[in-house]
Structures are given as C-alpha cells and as structure tokens.
Amino acid sequence: MQRTALRRVAVTALALAALGGGALATAGSASAATHKNGYLETGEFGLYYSPDRGGAVFDLYTEDQDFSDDWFHGPGAGTGQSANDNTASYWNNDTYTWRVYTDANRGGVEGSLPPGHIGNASANFRNQISSAYFVF
C-alpha cells in the first residue's frame, strides 16, 4: 500500500509539472501506466495467459492479494478468462522485484522475479499463481 501512495504522489507531481495546475483540472487522470488494461506498460508486472508472453495479459501496477476477481484483457487467447491459476508466462517490466504466490494473500509457494525478467512459468507456478506483490 505504501508503494501505491508513493507512486500516486510521484505521478501527480509529474503531471502538475508537465501540465500546469490549471490544465490538470481538465486533463483527467494522468498515470504512467494503466493498471489492468491488457497492455503491459513500463512500470507494470505482466502475467500472460499463454507461454512466451502470448495471448492476453493481466497487467499489474500495484499488488493484488487475490486474483479470483481478475481477468485477462487485451488481444489474443485468454481474453476474459480468470487470471487466478491461469498464468503461463510473465514479464516484470517494473523497476521493482515482484513476488508471486500460488495462493491468495501470500500463501503457498513463493517465487521472486527481478526487474526486467521475462520467462515461462515453471512447473511449480504454471497455472498456479493467485497473488502478486512488489518488493522495494
């Protein structure tokens, strides 16, 4: 939760500097990344429905304690499928390490994915990931 607040403050400060105070009121939400929109952007962690970063993506900008109410978005196979226990590959496009777990709320087996890491989920994690958190 602390990282979310820090990111929001940083994004707001950048938006104010770039747009000016008056323009911000009419600009709407200004964010470096759009959380859970089906496109992996800089600063996000992406879980893919298919191997080799194929198919739809579940893109996270902040941690998610329970994937049971989340869905894959975007073009490709898996669009509309539950993100819970349905991941075949991933890309950490963030500057932070992300940890994934096979159960909700940091339960089950833990895996650690450093910044920039791309790969297919191992046998322990393929179609088993249910929560994800970042590490400062």
# chains A, B, ... in the order shown; residues from 1 in each chain; ligands from 1
>>> residues_around(residues="Phe125 in chain A", least_positions_apart="5", cutoff="12 Å", atoms="only C-alpha atoms", output="list of chain:residue names")
A:Leu47, A:Asn84, A:Asp85, A:Asn86, A:Thr87, A:Ala88, A:Ser89, A:Tyr90, A:Arg99, A:Val100, A:Tyr101, A:Thr102, A:Asp103, A:Gly108, A:Val109, A:Glu110, A:Gly111, A:Ser112, A:Gly119, A:Asn120, A:Ser130, A:Ser131
>>> write_last_selection(atoms="N, CA and C atoms", output="mmCIF file, in the first residue's frame")
data_model
loop_
_atom_site.group_PDB
_atom_site.id
_atom_site.type_symbol
_atom_site.label_atom_id
_atom_site.label_comp_id
_atom_site.auth_asym_id
_atom_site.auth_seq_id
_atom_site.Cartn_x
_atom_site.Cartn_y
_atom_site.Cartn_z
ATOM 1 N N LEU A 47 1.348 -10.813 -16.303
ATOM 2 C CA LEU A 47 1.134 -12.255 -16.299
ATOM 3 C C LEU A 47 0.366 -12.582 -17.570
ATOM 4 N N ASN A 84 -6.780 -15.964 -12.104
ATOM 5 C CA ASN A 84 -6.443 -16.850 -10.999
ATOM 6 C C ASN A 84 -6.092 -18.249 -11.503
ATOM 7 N N ASP A 85 -4.917 -18.725 -11.149
ATOM 8 C CA ASP A 85 -4.455 -20.069 -11.525
ATOM 9 C C ASP A 85 -4.518 -20.293 -13.040
ATOM 10 N N ASN A 86 -4.080 -19.291 -13.806
ATOM 11 C CA ASN A 86 -4.211 -19.373 -15.254
ATOM 12 C C ASN A 86 -3.030 -18.722 -15.983
ATOM 13 N N THR A 87 -1.866 -18.641 -15.373
ATOM 14 C CA THR A 87 -0.716 -17.948 -15.949
ATOM 15 C C THR A 87 0.310 -18.921 -16.508
ATOM 16 N N ALA A 88 0.752 -18.649 -17.754
ATOM 17 C CA ALA A 88 1.768 -19.498 -18.381
ATOM 18 C C ALA A 88 3.113 -18.788 -18.537
ATOM 19 N N SER A 89 3.124 -17.449 -18.565
ATOM 20 C CA SER A 89 4.383 -16.707 -18.697
ATOM 21 C C SER A 89 4.233 -15.322 -18.079
ATOM 22 N N TYR A 90 5.347 -14.607 -17.993
ATOM 23 C CA TYR A 90 5.346 -13.316 -17.313
ATOM 24 C C TYR A 90 6.461 -12.423 -17.834
ATOM 25 N N ARG A 99 7.022 -10.561 -6.325
ATOM 26 C CA ARG A 99 6.886 -11.907 -5.788
ATOM 27 C C ARG A 99 5.497 -12.421 -6.128
ATOM 28 N N VAL A 100 5.456 -13.651 -6.587
ATOM 29 C CA VAL A 100 4.184 -14.298 -6.905
ATOM 30 C C VAL A 100 3.983 -15.474 -5.951
ATOM 31 N N TYR A 101 2.712 -15.799 -5.727
ATOM 32 C CA TYR A 101 2.355 -16.857 -4.788
ATOM 33 C C TYR A 101 1.282 -17.743 -5.400
ATOM 34 N N THR A 102 1.325 -19.010 -5.036
ATOM 35 C CA THR A 102 0.361 -19.963 -5.584
ATOM 36 C C THR A 102 -0.996 -19.920 -4.879
ATOM 37 N N ASP A 103 -1.095 -19.168 -3.798
ATOM 38 C CA ASP A 103 -2.370 -18.977 -3.113
ATOM 39 C C ASP A 103 -2.583 -17.484 -2.880
ATOM 40 N N GLY A 108 0.969 -20.249 0.016
ATOM 41 C CA GLY A 108 1.506 -21.258 -0.883
ATOM 42 C C GLY A 108 2.973 -21.037 -1.217
ATOM 43 N N VAL A 109 3.367 -21.483 -2.403
ATOM 44 C CA VAL A 109 4.756 -21.387 -2.853
ATOM 45 C C VAL A 109 5.043 -19.971 -3.330
ATOM 46 N N GLU A 110 6.212 -19.430 -2.958
ATOM 47 C CA GLU A 110 6.620 -18.078 -3.342
ATOM 48 C C GLU A 110 7.669 -18.142 -4.440
ATOM 49 N N GLY A 111 7.549 -17.247 -5.411
ATOM 50 C CA GLY A 111 8.554 -17.079 -6.452
ATOM 51 C C GLY A 111 8.936 -15.620 -6.558
ATOM 52 N N SER A 112 10.182 -15.336 -6.895
ATOM 53 C CA SER A 112 10.681 -13.972 -6.977
ATOM 54 C C SER A 112 11.141 -13.673 -8.402
ATOM 55 N N GLY A 119 9.944 -14.688 -18.805
ATOM 56 C CA GLY A 119 10.062 -16.137 -18.870
ATOM 57 C C GLY A 119 8.736 -16.851 -18.829
ATOM 58 N N ASN A 120 8.831 -18.142 -19.025
ATOM 59 C CA ASN A 120 7.668 -19.012 -18.890
ATOM 60 C C ASN A 120 7.599 -19.501 -17.450
ATOM 61 N N SER A 130 -1.801 -17.003 -7.776
ATOM 62 C CA SER A 130 -3.043 -16.436 -7.262
ATOM 63 C C SER A 130 -2.896 -15.071 -6.602
ATOM 64 N N SER A 131 -1.652 -14.607 -6.382
ATOM 65 C CA SER A 131 -1.424 -13.276 -5.824
ATOM 66 C C SER A 131 -0.027 -12.800 -6.182
#
>>> residues_around(residues="Phe72 in chain A", least_positions_apart="5", cutoff="7 Å", atoms="only C-alpha atoms", output="count of residues only")
10
>>> residues_around(residues="range 61-68 of chain A", least_positions_apart="3", cutoff="12 Å", atoms="only C-alpha atoms", output="VMD selection string")
chain A and resid 1 to 8 31 to 47 58 71 to 72 81 to 87 92 to 107 127 to 135
>>> atom_distance(atom1="CA of Pro115 in chain A", atom2="CA of Gly55 in chain A")
21.6 Å
>>> select_by_dssp(residues="range 24-128 of chain A", states="helix (DSSP H, G or I)", output="count of residues only")
7
>>> atom_distance(atom1="CA of Gly74 in chain A", atom2="CA of Arg53 in chain A")
12.5 Å
